[in-house]
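Okay, my_file_6.cif now, which holds mmCIF, C-alpha atoms:
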```cif
data_upload
loop_
_atom_site.group_PDB
_atom_site.id
_atom_site.type_symbol
_atom_site.label_atom_id
_atom_site.label_comp_id
_atom_site.auth_asym_id
_atom_site.auth_seq_id
_atom_site.Cartn_x
_atom_site.Cartn_y
_atom_site.Cartn_z
ATOM 1 C CA MET A 1 43.930 68.949 94.864
ATOM 2 C CA GLU A 2 44.453 72.177 96.819
ATOM 3 C CA THR A 3 48.010 72.461 95.476
ATOM 4 C CA PHE A 4 46.787 71.841 91.940
ATOM 5 C CA LEU A 5 44.086 74.521 92.198
ATOM 6 C CA LEU A 6 46.493 77.052 93.714
ATOM 7 C CA PHE A 7 49.012 76.614 90.913
ATOM 8 C CA PHE A 8 46.204 76.513 88.348
ATOM 9 C CA LEU A 9 45.355 80.065 89.415
ATOM 10 C CA VAL A 10 49.051 81.005 89.388
ATOM 11 C CA GLY A 11 49.317 79.587 85.857
ATOM 12 C CA VAL A 12 46.296 81.553 84.613
ATOM 13 C CA LEU A 13 47.582 84.799 86.161
ATOM 14 C CA ALA A 14 51.170 84.322 85.019
ATOM 15 C CA GLN A 15 50.248 83.411 81.433
ATOM 16 C CA SER A 16 47.729 86.258 81.167
ATOM 17 C CA VAL A 17 50.395 88.745 82.249
ATOM 18 C CA ASP A 18 52.949 87.098 79.967
ATOM 19 C CA GLY A 19 50.614 87.463 77.019
ATOM 20 C CA ALA A 20 50.261 91.187 77.677
ATOM 21 C CA LEU A 21 53.860 92.006 78.657
ATOM 22 C CA GLY A 22 55.835 89.342 76.818
ATOM 23 C CA MET A 23 57.340 88.385 80.178
ATOM 24 C CA ALA A 24 56.637 87.200 83.716
ATOM 25 C CA TYR A 25 55.297 83.615 83.375
ATOM 26 C CA GLY A 26 58.614 82.148 84.429
ATOM 27 C CA VAL A 27 59.494 84.679 87.111
ATOM 28 C CA ILE A 28 56.021 84.608 88.707
ATOM 29 C CA SER A 29 55.829 80.809 88.701
ATOM 30 C CA SER A 30 59.408 80.359 89.917
ATOM 31 C CA SER A 31 58.967 82.926 92.675
ATOM 32 C CA VAL A 32 55.831 81.189 93.981
ATOM 33 C CA LEU A 33 57.523 77.756 93.864
ATOM 34 C CA LEU A 34 60.581 79.097 95.697
ATOM 35 C CA ALA A 35 58.310 80.692 98.299
ATOM 36 C CA PHE A 36 56.827 77.210 98.893
ATOM 37 C CA GLY A 37 60.307 75.820 99.573
ATOM 38 C CA VAL A 38 61.018 74.197 96.203
ATOM 39 C CA PRO A 39 64.804 74.113 95.445
ATOM 40 C CA PRO A 40 65.925 76.410 92.567
ATOM 41 C CA ALA A 41 66.800 73.670 90.065
ATOM 42 C CA MET A 42 63.485 71.901 90.685
ATOM 43 C CA ALA A 43 61.587 75.186 90.421
ATOM 44 C CA SER A 44 63.238 75.984 87.103
ATOM 45 C CA ALA A 45 62.699 72.461 85.759
ATOM 46 C CA SER A 46 59.041 72.516 86.856
ATOM 47 C CA VAL A 47 58.387 75.885 85.248
ATOM 48 C CA HIS A 48 60.049 74.895 81.986
ATOM 49 C CA ALA A 49 58.144 71.616 81.856
ATOM 50 C CA ALA A 50 54.935 73.647 82.106
ATOM 51 C CA GLU A 51 56.185 76.211 79.602
ATOM 52 C CA VAL A 52 56.700 73.594 76.893
ATOM 53 C CA PHE A 53 52.906 73.408 76.656
ATOM 54 C CA THR A 54 52.025 77.033 77.383
ATOM 55 C CA THR A 55 54.599 78.546 75.020
ATOM 56 C CA ALA A 56 53.403 76.228 72.239
ATOM 57 C CA ALA A 57 49.845 77.514 72.675
ATOM 58 C CA SER A 58 51.015 81.110 73.079
ATOM 59 C CA ALA A 59 53.254 80.957 69.994
ATOM 60 C CA THR A 60 50.392 79.509 67.948
ATOM 61 C CA SER A 61 48.187 82.416 69.015
ATOM 62 C CA HIS A 62 50.837 85.012 68.129
ATOM 63 C CA VAL A 63 51.475 83.388 64.740
ATOM 64 C CA ALA A 64 47.735 83.397 64.056
ATOM 65 C CA HIS A 65 47.542 87.109 64.909
ATOM 66 C CA ARG A 66 50.643 87.818 62.766
ATOM 67 C CA ASN A 67 52.623 89.160 65.698
ATOM 68 C CA VAL A 68 55.925 87.427 64.776
ATOM 69 C CA ASP A 69 58.939 88.991 63.022
ATOM 70 C CA TRP A 70 60.560 85.875 61.579
ATOM 71 C CA ARG A 71 63.691 87.836 60.577
ATOM 72 C CA LEU A 72 64.512 88.182 64.282
ATOM 73 C CA CYS A 73 62.936 84.995 65.579
ATOM 74 C CA ALA A 74 65.296 82.435 63.997
ATOM 75 C CA PRO A 75 68.657 83.746 65.348
ATOM 76 C CA LEU A 76 66.993 84.590 68.667
ATOM 77 C CA ALA A 77 65.719 81.035 69.135
ATOM 78 C CA THR A 78 68.956 79.362 67.994
ATOM 79 C CA ALA A 79 71.172 81.322 70.373
ATOM 80 C CA GLY A 80 68.585 81.046 73.148
ATOM 81 C CA VAL A 81 68.719 77.248 72.946
ATOM 82 C CA ALA A 82 72.499 77.304 73.450
ATOM 83 C CA GLY A 83 72.307 79.727 76.374
ATOM 84 C CA GLY A 84 69.432 77.834 77.984
ATOM 85 C CA CYS A 85 71.219 74.492 77.884
ATOM 86 C CA LEU A 86 74.317 76.069 79.436
ATOM 87 C CA GLY A 87 72.218 77.675 82.179
ATOM 88 C CA ALA A 88 70.486 74.379 83.006
ATOM 89 C CA TYR A 89 73.835 72.597 83.218
ATOM 90 C CA VAL A 90 75.254 75.229 85.591
ATOM 91 C CA LEU A 91 72.158 75.300 87.820
ATOM 92 C CA THR A 92 71.917 71.530 88.259
ATOM 93 C CA GLY A 93 75.562 71.303 89.290
ATOM 94 C CA PHE A 94 75.033 73.084 92.611
ATOM 95 C CA GLU A 95 73.190 72.240 95.809
ATOM 96 C CA GLY A 96 69.810 73.960 96.078
ATOM 97 C CA ASP A 97 70.527 75.648 99.415
ATOM 98 C CA ALA A 98 73.773 77.131 98.080
ATOM 99 C CA VAL A 99 72.303 78.669 94.930
ATOM 100 C CA LYS A 100 68.896 79.753 96.260
ATOM 101 C CA PRO A 101 70.050 83.157 97.666
ATOM 102 C CA PHE A 102 71.467 84.088 94.266
ATOM 103 C CA VAL A 103 68.309 82.997 92.433
ATOM 104 C CA VAL A 104 66.092 84.913 94.874
ATOM 105 C CA GLY A 105 68.274 87.991 94.436
ATOM 106 C CA TYR A 106 68.126 87.667 90.672
ATOM 107 C CA LEU A 107 64.327 87.399 90.667
ATOM 108 C CA ALA A 108 64.115 90.466 92.934
ATOM 109 C CA LEU A 109 66.225 92.420 90.443
ATOM 110 C CA VAL A 110 63.982 91.217 87.618
ATOM 111 C CA GLY A 111 60.963 92.468 89.562
ATOM 112 C CA LEU A 112 62.582 95.868 90.100
ATOM 113 C CA TYR A 113 63.538 96.036 86.434
ATOM 114 C CA ILE A 114 59.988 95.226 85.295
ATOM 115 C CA LEU A 115 58.696 97.860 87.711
ATOM 116 C CA TRP A 116 61.137 100.461 86.380
ATOM 117 C CA ARG A 117 60.554 99.435 82.764
ATOM 118 C CA SER A 118 56.796 99.828 83.099
ATOM 119 C CA ARG A 119 57.190 103.458 84.178
ATOM 120 C CA HIS A 120 59.789 104.615 81.633
ATOM 121 C CA GLU A 121 59.781 104.793 77.881
ATOM 122 C CA LEU A 122 63.186 103.984 76.378
ATOM 123 C CA PRO A 123 64.436 105.662 73.173
ATOM 124 C CA LEU A 124 63.230 103.851 70.074
ATOM 125 C CA ARG A 125 65.834 102.369 67.748
ATOM 126 C CA ARG A 126 65.719 99.785 64.990
ATOM 127 C CA LEU A 127 67.310 96.503 66.121
ATOM 128 C CA ARG A 128 69.416 94.696 63.529
ATOM 129 C CA ALA A 129 68.921 90.937 63.258
ATOM 130 C CA VAL A 130 72.626 90.299 63.945
ATOM 131 C CA TRP A 131 72.219 91.546 67.537
ATOM 132 C CA THR A 132 69.483 89.039 68.367
ATOM 133 C CA ALA A 133 71.952 86.143 68.675
ATOM 134 C CA PRO A 134 73.895 87.506 71.691
ATOM 135 C CA LEU A 135 70.589 88.696 73.131
ATOM 136 C CA GLY A 136 69.168 85.184 72.839
ATOM 137 C CA LEU A 137 72.289 83.655 74.378
ATOM 138 C CA VAL A 138 72.070 85.861 77.487
ATOM 139 C CA GLY A 139 68.298 85.523 77.728
ATOM 140 C CA GLY A 140 68.402 81.729 77.473
ATOM 141 C CA PHE A 141 71.101 81.411 80.136
ATOM 142 C CA LEU A 142 69.273 83.678 82.605
ATOM 143 C CA ASP A 143 65.981 81.931 81.887
ATOM 144 C CA ALA A 144 67.342 78.496 82.783
ATOM 145 C CA ALA A 145 69.569 79.567 85.670
ATOM 146 C CA GLY A 146 66.951 81.800 87.296
ATOM 147 C CA GLY A 147 63.782 79.898 86.436
ATOM 148 C CA GLY A 148 62.631 82.936 84.464
ATOM 149 C CA GLY A 149 64.234 85.787 82.595
ATOM 150 C CA TRP A 150 63.667 85.262 78.887
ATOM 151 C CA GLY A 151 60.855 87.803 78.710
ATOM 152 C CA PRO A 152 62.424 90.503 80.921
ATOM 153 C CA THR A 153 65.668 90.220 78.950
ATOM 154 C CA VAL A 154 64.471 89.650 75.396
ATOM 155 C CA SER A 155 61.039 91.277 75.155
ATOM 156 C CA SER A 156 62.190 94.446 76.902
ATOM 157 C CA THR A 157 65.256 94.740 74.669
ATOM 158 C CA LEU A 158 63.178 94.295 71.521
ATOM 159 C CA LEU A 159 60.700 96.885 72.773
ATOM 160 C CA GLY A 160 63.465 99.300 73.737
ATOM 161 C CA ALA A 161 65.111 98.845 70.357
ATOM 162 C CA GLY A 162 62.026 100.169 68.594
ATOM 163 C CA GLN A 163 60.096 97.058 67.633
ATOM 164 C CA GLU A 164 56.334 97.338 67.412
ATOM 165 C CA PRO A 165 55.088 96.107 70.839
ATOM 166 C CA ARG A 166 52.895 93.302 69.556
ATOM 167 C CA ARG A 167 55.668 92.047 67.256
ATOM 168 C CA ALA A 168 58.322 92.282 69.970
ATOM 169 C CA ILE A 169 56.160 90.236 72.338
ATOM 170 C CA GLY A 170 55.026 87.789 69.664
ATOM 171 C CA THR A 171 58.576 87.225 68.389
ATOM 172 C CA ALA A 172 59.989 86.705 71.891
ATOM 173 C CA ASN A 173 57.179 84.329 72.889
ATOM 174 C CA THR A 174 57.503 82.273 69.713
ATOM 175 C CA ALA A 175 61.276 81.909 70.100
ATOM 176 C CA GLU A 176 60.728 81.014 73.750
ATOM 177 C CA PHE A 177 58.958 77.785 72.768
ATOM 178 C CA PHE A 178 62.159 76.410 71.224
ATOM 179 C CA VAL A 179 64.295 77.684 74.111
ATOM 180 C CA THR A 180 61.995 76.183 76.743
ATOM 181 C CA THR A 181 61.866 72.824 74.990
ATOM 182 C CA ALA A 182 65.683 72.711 74.854
ATOM 183 C CA ILE A 183 66.003 73.702 78.529
ATOM 184 C CA SER A 184 63.552 70.973 79.556
ATOM 185 C CA ALA A 185 65.554 68.451 77.530
ATOM 186 C CA ALA A 186 68.734 69.676 79.263
ATOM 187 C CA PHE A 187 67.190 69.064 82.682
ATOM 188 C CA VAL A 188 66.179 65.543 81.602
ATOM 189 C CA TRP A 189 69.721 64.920 80.336
ATOM 190 C CA ALA A 190 71.178 66.152 83.647
ATOM 191 C CA PHE A 191 68.895 63.733 85.500
ATOM 192 C CA VAL A 192 69.640 60.742 83.273
ATOM 193 C CA THR A 193 73.418 61.248 83.427
ATOM 194 C CA GLY A 194 73.439 61.753 87.193
ATOM 195 C CA HIS A 195 74.695 65.342 86.954
ATOM 196 C CA TRP A 196 71.572 66.529 88.798
ATOM 197 C CA ARG A 197 71.577 64.700 92.137
ATOM 198 C CA GLU A 198 68.428 66.310 93.569
ATOM 199 C CA ALA A 199 66.182 65.425 90.632
ATOM 200 C CA GLY A 200 64.656 62.379 92.316
ATOM 201 C CA ALA A 201 62.374 64.566 94.409
ATOM 202 C CA LEU A 202 60.888 66.257 91.336
ATOM 203 C CA GLN A 203 57.872 63.927 91.429
ATOM 204 C CA ASN A 204 56.849 65.519 94.747
ATOM 205 C CA HIS A 205 55.908 68.662 92.829
ATOM 206 C CA ALA A 206 53.798 66.976 90.135
ATOM 207 C CA ALA A 207 50.590 68.653 91.353
ATOM 208 C CA ALA A 208 52.187 72.098 91.129
ATOM 209 C CA VAL A 209 53.511 71.437 87.622
ATOM 210 C CA GLY A 210 50.125 70.082 86.542
ATOM 211 C CA GLY A 211 48.394 73.185 87.856
ATOM 212 C CA LEU A 212 50.838 75.492 86.072
ATOM 213 C CA VAL A 213 50.307 73.594 82.806
ATOM 214 C CA ALA A 214 46.500 73.583 83.057
ATOM 215 C CA GLY A 215 46.248 77.230 84.114
ATOM 216 C CA GLY A 216 48.717 78.358 81.494
ATOM 217 C CA LEU A 217 46.923 76.456 78.733
ATOM 218 C CA VAL A 218 43.640 78.145 79.645
ATOM 219 C CA ALA A 219 45.155 81.616 79.214
ATOM 220 C CA ALA A 220 47.764 80.961 76.491
ATOM 221 C CA PRO A 221 45.410 80.836 73.465
ATOM 222 C CA PHE A 222 44.430 84.429 74.234
ATOM 223 C CA ALA A 223 48.045 85.673 74.345
ATOM 224 C CA GLY A 224 47.919 87.324 70.941
ATOM 225 C CA LEU A 225 44.694 89.138 71.772
ATOM 226 C CA ILE A 226 45.870 90.154 75.260
ATOM 227 C CA ALA A 227 49.028 91.693 73.790
ATOM 228 C CA LYS A 228 46.819 93.996 71.714
ATOM 229 C CA ARG A 229 44.185 94.978 74.274
ATOM 230 C CA LEU A 230 45.298 95.172 77.921
ATOM 231 C CA PRO A 231 47.183 98.159 79.458
ATOM 232 C CA ARG A 232 50.764 96.978 79.701
ATOM 233 C CA ARG A 233 51.960 99.708 82.081
ATOM 234 C CA LEU A 234 49.446 98.821 84.808
ATOM 235 C CA LEU A 235 50.219 95.116 84.542
ATOM 236 C CA GLY A 236 53.942 95.826 84.612
ATOM 237 C CA VAL A 237 53.649 97.730 87.878
ATOM 238 C CA ALA A 238 51.544 94.938 89.406
ATOM 239 C CA VAL A 239 54.014 92.226 88.359
ATOM 240 C CA GLY A 240 57.033 94.200 89.568
ATOM 241 C CA VAL A 241 55.501 94.831 92.982
ATOM 242 C CA MET A 242 54.435 91.196 93.342
ATOM 243 C CA LEU A 243 57.892 89.841 92.465
ATOM 244 C CA VAL A 244 59.662 92.209 94.850
ATOM 245 C CA LEU A 245 57.295 91.216 97.677
ATOM 246 C CA LEU A 246 57.777 87.503 96.937
ATOM 247 C CA ALA A 247 61.555 87.956 96.885
ATOM 248 C CA ALA A 248 61.399 89.830 100.201
ATOM 249 C CA PHE A 249 59.361 86.994 101.714
ATOM 250 C CA GLN A 250 61.861 84.412 100.463
ATOM 251 C CA GLY A 251 64.709 86.514 101.840
ATOM 252 C CA LEU A 252 63.041 86.477 105.261
ATOM 253 C CA GLN A 253 62.678 82.705 104.944
ATOM 254 C CA LEU A 254 66.384 82.311 104.165
ATOM 255 C CA ALA A 255 67.234 84.497 107.162
ATOM 256 C CA GLY A 256 65.067 82.305 109.402
ATOM 257 C CA ILE A 257 62.773 85.188 110.364
ATOM 258 C CA VAL A 258 59.600 83.554 109.002
#
```

What would the structure in this file look like if it were written as structure tokens?
Amino acid sequence: METFLLFFLVGVLAQSVDGALGMAYGVISSSVLLAFGVPPAMASASVHAAEVFTTAASATSHVAHRNVDWRLCAPLATAGVAGGCLGAYVLTGFEGDAVKPFVVGYLALVGLYILWRSRHELPLRRLRAVWTAPLGLVGGFLDAAGGGGWGPTVSSTLLGAGQEPRRAIGTANTAEFFVTTAISAAFVWAFVTGHWREAGALQNHAAAVGGLVAGGLVAAPFAGLIAKRLPRRLLGVAVGVMLVLLAAFQGLQLAGIV
């Protein structure tokens, strides 16, 4: 019960921030799971299992608030599915201890990028729909391989390219539902075919996944409203600092210092 409640709070926090920034649910949740000793592939699979439910609720909220640019959403989602499946296949093919330093390093870089992005305004340009396919491919791969990365890659690029903030976030979050569902299916396929040898221990983290789902579902229906109301810069700084600190803690764990 204590594990469930802890990750319930993590889910509420992560989804609230994600609704405002268009990013951070995956990286926050994955970072906390990794800090608790969960192997990278299991952390990513757990987060994406939770995100199937939370992104569905979040996308529904954004559609209801008319925050979605469907011209960009379709190619973004299609390419993201391909990249996500590839990322899941790559991640499940390696031992957890071997890949964890790279995943921790990646999440630290994401934290630094979010921190930098929250303090700088990039030049505004109009993004053509044709460029959303390669963007989705890269975002989907990083999201699956790192346990988070769709938002920092996709939402930030859409924002930097001149999209209206609420539409950039709403479009990225809506496309993320399809990407997350495909990534979760890829993890199941890897387990069924025997490609993912460590998957048997996934049931040990059921309480954490349940907490992430429940907490995320509580906050997700308000995603569209949060994207309109809360100060994004302040939240961005908070998320960036938290991710860097979590990555530093995990680095100390890997070095055997703590």

Excluding Gly111 in chain A and its own-chain neighbours fewer than 3 positions away, which residues fall within 12 Å of it when counting all atoms listed in the file? Please give them as a PyMOL selection string.
chain A and resi 23-24+26-28+31+104-108+114-118+148-149+151-153+236-248

Please, could you write that set of residues out with C-alpha atoms as a CSV table (one decimal), in the frame of the given file?
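Full text of result01.csv as output:
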```csv
chain,number,residue,atom,x,y,z
A,23,MET,CA,57.3,88.4,80.2
A,24,ALA,CA,56.6,87.2,83.7
A,26,GLY,CA,58.6,82.1,84.4
A,27,VAL,CA,59.5,84.7,87.1
A,28,ILE,CA,56.0,84.6,88.7
A,31,SER,CA,59.0,82.9,92.7
A,104,VAL,CA,66.1,84.9,94.9
A,105,GLY,CA,68.3,88.0,94.4
A,106,TYR,CA,68.1,87.7,90.7
A,107,LEU,CA,64.3,87.4,90.7
A,108,ALA,CA,64.1,90.5,92.9
A,114,ILE,CA,60.0,95.2,85.3
A,115,LEU,CA,58.7,97.9,87.7
A,116,TRP,CA,61.1,100.5,86.4
A,117,ARG,CA,60.6,99.4,82.8
A,118,SER,CA,56.8,99.8,83.1
A,148,GLY,CA,62.6,82.9,84.5
A,149,GLY,CA,64.2,85.8,82.6
A,151,GLY,CA,60.9,87.8,78.7
A,152,PRO,CA,62.4,90.5,80.9
A,153,THR,CA,65.7,90.2,79.0
A,236,GLY,CA,53.9,95.8,84.6
A,237,VAL,CA,53.6,97.7,87.9
A,238,ALA,CA,51.5,94.9,89.4
A,239,VAL,CA,54.0,92.2,88.4
A,240,GLY,CA,57.0,94.2,89.6
A,241,VAL,CA,55.5,94.8,93.0
A,242,MET,CA,54.4,91.2,93.3
A,243,LEU,CA,57.9,89.8,92.5
A,244,VAL,CA,59.7,92.2,94.8
A,245,LEU,CA,57.3,91.2,97.7
A,246,LEU,CA,57.8,87.5,96.9
A,247,ALA,CA,61.6,88.0,96.9
A,248,ALA,CA,61.4,89.8,100.2
```

Would you work out the distance separating CA of Val81 in chain A from CA of Val179 in chain A, expressed in Å to one decimal?
4.6 Å

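Coordinates place CA of Leu158 in chain A at a distance of 15.1 Å from CA of Asp18 in chain A.
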
Nearest to Gly147 in chain A, chosen from A:Arg166, A:Arg66, A:Arg128, A:Lys100, with all atoms listed in the file counted in the distances:
A:Lys100

Cut-off 9 Å around (66.9, 79.9, 77.5) with all atoms listed in the file: residues as a count of residues only:
30

Output range 36-55 of chain A with N, CA, C and O atoms present, as an mmCIF file, in the frame of the given file.
```cif
data_model
loop_
_atom_site.group_PDB
_atom_site.id
_atom_site.type_symbol
_atom_site.label_atom_id
_atom_site.label_comp_id
_atom_site.auth_asym_id
_atom_site.auth_seq_id
_atom_site.Cartn_x
_atom_site.Cartn_y
_atom_site.Cartn_z
ATOM 1 N N PHE A 36 57.361 78.428 98.296
ATOM 2 C CA PHE A 36 56.827 77.210 98.893
ATOM 3 C C PHE A 36 57.936 76.233 99.283
ATOM 4 O O PHE A 36 57.654 75.093 99.651
ATOM 5 N N GLY A 37 59.199 76.655 99.141
ATOM 6 C CA GLY A 37 60.307 75.820 99.573
ATOM 7 C C GLY A 37 60.876 74.893 98.530
ATOM 8 O O GLY A 37 61.681 74.014 98.854
ATOM 9 N N VAL A 38 60.491 75.052 97.267
ATOM 10 C CA VAL A 38 61.018 74.197 96.203
ATOM 11 C C VAL A 38 62.435 74.655 95.854
ATOM 12 O O VAL A 38 62.670 75.850 95.660
ATOM 13 N N PRO A 39 63.430 73.736 95.793
ATOM 14 C CA PRO A 39 64.804 74.113 95.445
ATOM 15 C C PRO A 39 64.881 74.766 94.061
ATOM 16 O O PRO A 39 64.056 74.458 93.187
ATOM 17 N N PRO A 40 65.845 75.665 93.832
ATOM 18 C CA PRO A 40 65.925 76.410 92.567
ATOM 19 C C PRO A 40 65.933 75.559 91.307
ATOM 20 O O PRO A 40 65.220 75.868 90.347
ATOM 21 N N ALA A 41 66.745 74.492 91.277
ATOM 22 C CA ALA A 41 66.800 73.670 90.065
ATOM 23 C C ALA A 41 65.457 72.995 89.802
ATOM 24 O O ALA A 41 65.009 72.902 88.659
ATOM 25 N N MET A 42 64.795 72.538 90.863
ATOM 26 C CA MET A 42 63.485 71.901 90.685
ATOM 27 C C MET A 42 62.443 72.926 90.256
ATOM 28 O O MET A 42 61.554 72.626 89.443
ATOM 29 N N ALA A 43 62.521 74.134 90.812
ATOM 30 C CA ALA A 43 61.587 75.186 90.421
ATOM 31 C C ALA A 43 61.747 75.507 88.945
ATOM 32 O O ALA A 43 60.763 75.613 88.204
ATOM 33 N N SER A 44 62.994 75.667 88.503
ATOM 34 C CA SER A 44 63.238 75.984 87.103
ATOM 35 C C SER A 44 62.786 74.848 86.198
ATOM 36 O O SER A 44 62.148 75.069 85.165
ATOM 37 N N ALA A 45 63.111 73.606 86.569
ATOM 38 C CA ALA A 45 62.699 72.461 85.759
ATOM 39 C C ALA A 45 61.178 72.359 85.696
ATOM 40 O O ALA A 45 60.607 72.061 84.637
ATOM 41 N N SER A 46 60.503 72.589 86.816
ATOM 42 C CA SER A 46 59.041 72.516 86.856
ATOM 43 C C SER A 46 58.412 73.573 85.954
ATOM 44 O O SER A 46 57.482 73.292 85.187
ATOM 45 N N VAL A 47 58.925 74.792 86.056
ATOM 46 C CA VAL A 47 58.387 75.885 85.248
ATOM 47 C C VAL A 47 58.598 75.616 83.764
ATOM 48 O O VAL A 47 57.694 75.826 82.939
ATOM 49 N N HIS A 48 59.780 75.130 83.401
ATOM 50 C CA HIS A 48 60.049 74.895 81.986
ATOM 51 C C HIS A 48 59.280 73.700 81.445
ATOM 52 O O HIS A 48 58.913 73.684 80.261
ATOM 53 N N ALA A 49 59.005 72.718 82.290
ATOM 54 C CA ALA A 49 58.144 71.616 81.856
ATOM 55 C C ALA A 49 56.750 72.137 81.524
ATOM 56 O O ALA A 49 56.139 71.742 80.530
ATOM 57 N N ALA A 50 56.249 73.047 82.368
ATOM 58 C CA ALA A 50 54.935 73.647 82.106
ATOM 59 C C ALA A 50 54.985 74.532 80.867
ATOM 60 O O ALA A 50 54.046 74.550 80.052
ATOM 61 N N GLU A 51 56.079 75.256 80.702
ATOM 62 C CA GLU A 51 56.185 76.211 79.602
ATOM 63 C C GLU A 51 56.277 75.540 78.234
ATOM 64 O O GLU A 51 55.969 76.180 77.222
ATOM 65 N N VAL A 52 56.693 74.294 78.177
ATOM 66 C CA VAL A 52 56.700 73.594 76.893
ATOM 67 C C VAL A 52 55.299 73.629 76.280
ATOM 68 O O VAL A 52 55.120 73.850 75.083
ATOM 69 N N PHE A 53 54.294 73.427 77.134
ATOM 70 C CA PHE A 53 52.906 73.408 76.656
ATOM 71 C C PHE A 53 52.356 74.823 76.469
ATOM 72 O O PHE A 53 51.712 75.125 75.467
ATOM 73 N N THR A 54 52.612 75.695 77.449
ATOM 74 C CA THR A 54 52.025 77.033 77.383
ATOM 75 C C THR A 54 52.652 77.879 76.283
ATOM 76 O O THR A 54 51.948 78.647 75.615
ATOM 77 N N THR A 55 53.970 77.751 76.080
ATOM 78 C CA THR A 55 54.599 78.546 75.020
ATOM 79 C C THR A 55 54.183 78.053 73.635
ATOM 80 O O THR A 55 54.113 78.847 72.696
#
```
